[in-house]
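**Student:** Shown below is the structure under consideration.
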Amino acid sequence: MEHTYAVIMAGGGGTRLWPVSRREKPKQLLPLLGKETLFQGTVARLEKLFPPERILVVTVEEQAREMRDQVPSIPEENYLIEPSPRGTASVVALAAAVLKKRDPQAIMAIQTADHHIRNKDLFHYLVRTAFDVAQKGYLVTLGITPTFPATGYGYIQQGEALEGDYKYPVFTVRRFKEKPDEATAQQLLRSGDHSWNSGMFVWHVDAILAEIEKQMPDLYAAVNKIASVWDTPDRKEVIRNIWYGLKTQTIDYGIMERAEKVAVLPAGGLGWSDVGSWDSLFEVLLPDMNGNVSTNAQHLGLDTHNTLVYSDDEKRLVVTIGLDDMVVVDTGEILMICKVDQSQKVKDVVEHLKKHHQEKYL
């Protein structure tokens with residue numbers, strides 16, 4: 001594990017968890033699931049595998065300061081600052097280019113700052129296995145064995161079992177699939193050979209940079225130029241001149257869908273959640289006997305079932321009477337109430353606020 005590194009992608013906004021996740025404090029910086037923030041939980045999970053000096057964080061300046069305060073153990077030089085978000089392809093490319101300059105033998109595990117994983121021991125086992133596979137030149141993705149026909153995730157179809165003495169089943173990837181409709185998701189679930197795309201990857205810096213050079217040559221040239229001046233006084237000016245001209249693209253669409261040497265570890269029992277929307281908290285937090293979930297609030301529920309209550313003031317008493325299948329979020333400044341099955345539409349509210357220039361609520 002000497003040349004292994006973790007790279008945390010931490011620049012997202014998490015608009016589907018509005019009104020708690022806001023521009024100034026997005027979801028990864030919030031204690032949504034307990035006392036720890038999602039970012040702190042991610043670092044704690046990784047520290048079993050990596051010392052702090054081998055954990056890098058790619059984020060934007062306005063979030064980096066809070067992250068340094070939350071996790072002071074990560075060296076300041078390990079925060080790679082984007083002038084503005086340009087998609088996960090740019091995040092991966094920048095981290096790979098900087099890491100290659102620091103350690104040409106580096107193998108990197110890409111993680112996101114806002115996922116929750118309950119089974120940490122299995123996670124560590126998977127990552128160690130993924131590093132073994134990555135040593136063979138594969139781009140490795142950690143898949144999640146589907147438990148229901150999700151339409152909010154991309155899917156990965158596994159091919160043949162990968163030859164080798166690995167401690168966990170590894171398969172070649174036949175293809176990546178975009179987020180499906182309900183009927184297609186049902187079909188993919190029944191097929192038994194598909195995993196959810198978790199967005200967690202492991203690869204050697206040479207392997208991923210070679211794919212970026214082949215498929216996104218402009219991005220490859222840009223990050224190499226940035227990496228060449230990373231430890232010099234010219235860094236800020238060079239990255240500012242280059243970064244805003246980059247095309248916004250995800251690593252999935254930009255690289256993985258057309259890459260040839262890709263492997264997947266389909267993980268069941270990981271207890272994974274991307275904590276992507278209010279209804280996803282039901283998967284992570286323990287409900288009471290009526291199916292209600294309360295976090296950071298005192299909740300008195302009369303004739304209330306399968307309802308989530310969240311407050312940003314743990315002393316605040318929230319009373320619900322006769323509610324079923326609801327989400328109640330109280331930030332003091334904003335009160336949001338919606339049906340559980342409509343909680344994905346929060347992003348539409350955010351778009352409405354942007355359109356009508358109600359910036360103070362974003």
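All residue names refer to the structure tokens as shown: chains lettered A, B, ... in order, residues numbered from 1 in each chain, ligands numbered from 1 in order.
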What's around range 253-267 of chain A at 7 Å? Count only C-alpha atoms, leave out sequence neighbours fewer than 4 positions away in its own chain, and write the answer as a PyMOL selection string.

**Tutor:** chain A and resi 89+138-145+158+169-173+175-176+195+211-212+215+249

**Student:** Could you produce a table of the residues of range 45-125 of chain A lying within 7 Å of range 217-229 of chain A, with the nearest pair of atoms per residue and their separation in Å rounded to one decimal, using only C-alpha atoms, ordered by chain and increasing residue number, as a tab-separated table?

**Tutor:**
residue	atom	partner	partner_atom	distance
A:Ala93	CA	A:Val223	CA	6.5
A:Leu94	CA	A:Val223	CA	5.4
A:Ala97	CA	A:Ala227	CA	5.9
A:Val98	CA	A:Ala227	CA	5.2

**Student:** Could you write those residues out with C-alpha atoms, as a PDB file, in the first residue's frame?

**Tutor:**
ATOM      1  CA  ALA A  93      -7.527  14.480 -14.359  1.00  0.00           C
ATOM      2  CA  LEU A  94      -6.151  17.220 -12.103  1.00  0.00           C
ATOM      3  CA  ALA A  97      -1.601  14.765 -12.992  1.00  0.00           C
ATOM      4  CA  VAL A  98      -0.561  16.265  -9.645  1.00  0.00           C
TER       5      VAL A  98
END

**Student:** At a cut-off of 7 Å, using only C-alpha atoms, what residues contact range 105-115 of chain A? Leave out same-chain residues fewer than 6 positions from it and give the result as a list in words.

**Tutor:**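 Close residues of range 105-115 of chain A: His3, Thr4, Tyr5, Ala6, Val7, Ile8, Met9, Ala10, Lys27, Gln28, Leu38, Phe39, Thr42, Leu99, Met200, Phe201, Val202, Trp203, His204, Val205, Ser273, Asp274 and Val275 of chain A.
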
**Student:** Which residues come within 12 Å of Asn119 in chain A, counting only C-alpha atoms, excluding same-chain residues fewer than 5 positions away, as a ChimeraX atom specification?

**Tutor:** /A:45,124-126,267-273,284

**Student:** Quick one: DSSP strand (DSSP E) residues in range 122-184 of chain A, as a list in words?

**Tutor:** Leu139, Val140, Thr141, Leu142, Gly143, Ile144, Tyr155, Ile156, Gln157, Gln158, Gly159, Glu160, Ala161, Phe171, Thr172, Val173, Arg174, Arg175, Phe176 and Lys177 of chain A

**Student:** As an exercise, work out the distance from CA of Lys120 in chain A to CA of Glu160 in chain A in Å and give it to one decimal place.

**Tutor:**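 Separating CA of Lys120 in chain A from CA of Glu160 in chain A is a distance of 27.3 Å.
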
**Student:** Nearest to Ser191 in chain A: which of A:Pro146, A:Leu49, A:Thr320, A:Thr250 is it, counting only C-alpha atoms?

**Tutor:**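 Going through A:Pro146, A:Leu49, A:Thr320, A:Thr250 one by one, the smallest distance to Ser191 in chain A is for A:Pro146.
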
**Student:** DSSP on the backbone: which residues in range 101-296 of chain A end up as helix (DSSP H, G or I)? Give the answer as a PyMOL selection string.

**Tutor:** chain A and resi 101-102+120-134+182-191+205-215+217-228+235-243+251-254+256-258+278-284

**Student:** Could you name the residues that touch range 67-83 of chain A at 7 Å or less, counting only C-alpha atoms, but leaving out those on the same chain fewer than 4 positions away, as a ChimeraX atom specification?

**Tutor:** /A:40,52-53,55-61,63,240,243

**Student:** Any chance you could export the current selection's N, CA and C atoms as an mmCIF file, in the first residue's frame?

**Tutor:**
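Here's the written file again_14.cif:
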data_model
loop_
_atom_site.group_PDB
_atom_site.id
_atom_site.type_symbol
_atom_site.label_atom_id
_atom_site.label_comp_id
_atom_site.auth_asym_id
_atom_site.auth_seq_id
_atom_site.Cartn_x
_atom_site.Cartn_y
_atom_site.Cartn_z
ATOM 1 N N GLN A 40 -16.350 14.391 7.236
ATOM 2 C CA GLN A 40 -15.599 13.787 8.337
ATOM 3 C C GLN A 40 -15.751 12.268 8.338
ATOM 4 N N PRO A 52 -3.007 10.431 6.726
ATOM 5 C CA PRO A 52 -3.537 11.711 6.236
ATOM 6 C C PRO A 52 -2.711 12.330 5.112
ATOM 7 N N GLU A 53 -1.401 12.110 5.108
ATOM 8 C CA GLU A 53 -0.571 12.711 4.061
ATOM 9 C C GLU A 53 -0.786 12.062 2.702
ATOM 10 N N ILE A 55 -4.000 11.336 1.675
ATOM 11 C CA ILE A 55 -5.399 11.642 1.349
ATOM 12 C C ILE A 55 -5.438 13.036 0.732
ATOM 13 N N LEU A 56 -5.951 13.133 -0.495
ATOM 14 C CA LEU A 56 -6.070 14.413 -1.190
ATOM 15 C C LEU A 56 -7.545 14.783 -1.315
ATOM 16 N N VAL A 57 -7.825 16.066 -1.331
ATOM 17 C CA VAL A 57 -9.189 16.563 -1.451
ATOM 18 C C VAL A 57 -9.235 17.564 -2.598
ATOM 19 N N VAL A 58 -10.132 17.339 -3.558
ATOM 20 C CA VAL A 58 -10.337 18.290 -4.649
ATOM 21 C C VAL A 58 -11.651 19.012 -4.386
ATOM 22 N N THR A 59 -11.561 20.329 -4.242
ATOM 23 C CA THR A 59 -12.751 21.099 -3.897
ATOM 24 C C THR A 59 -12.582 22.533 -4.393
ATOM 25 N N VAL A 60 -13.549 23.370 -4.062
ATOM 26 C CA VAL A 60 -13.481 24.787 -4.411
ATOM 27 C C VAL A 60 -13.095 25.580 -3.167
ATOM 28 N N GLU A 61 -12.571 26.768 -3.376
ATOM 29 C CA GLU A 61 -11.989 27.554 -2.278
ATOM 30 C C GLU A 61 -12.975 27.806 -1.155
ATOM 31 N N GLN A 63 -15.279 26.066 0.022
ATOM 32 C CA GLN A 63 -15.527 24.910 0.884
ATOM 33 C C GLN A 63 -14.264 24.430 1.585
ATOM 34 N N ARG A 240 -5.996 29.670 -13.444
ATOM 35 C CA ARG A 240 -7.092 30.610 -13.722
ATOM 36 C C ARG A 240 -7.255 30.829 -15.225
ATOM 37 N N TRP A 243 -8.523 26.975 -16.579
ATOM 38 C CA TRP A 243 -9.626 26.182 -16.018
ATOM 39 C C TRP A 243 -10.988 26.546 -16.602
#

**Student:** Compare A:Ala130, A:Phe148, A:Arg190, A:Pro180 by their minimum atom-to-atom distance to Lys167 in chain A, counting only C-alpha atoms, and give me the closest one.

**Tutor:**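 The closest residue to Lys167 in chain A is A:Ala130.
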
**Student:** Out of A:Thr147, A:Thr295, A:Ser280, A:Gln135, which residue has the shortest atom-to-atom distance to Gly34 in chain A when counting only C-alpha atoms?

**Tutor:**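 The answer is A:Thr295, which sits nearest to Gly34 in chain A.
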
**Student:** Kindly indicate which residue among A:Lys347, A:Asp313, A:Ser294, A:Val238 lies nearest to Met326 in chain A, using only C-alpha atoms for the distances.

**Tutor:**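 When distances to Met326 in chain A are compared using only C-alpha atoms, the smallest one comes from A:Ser294.
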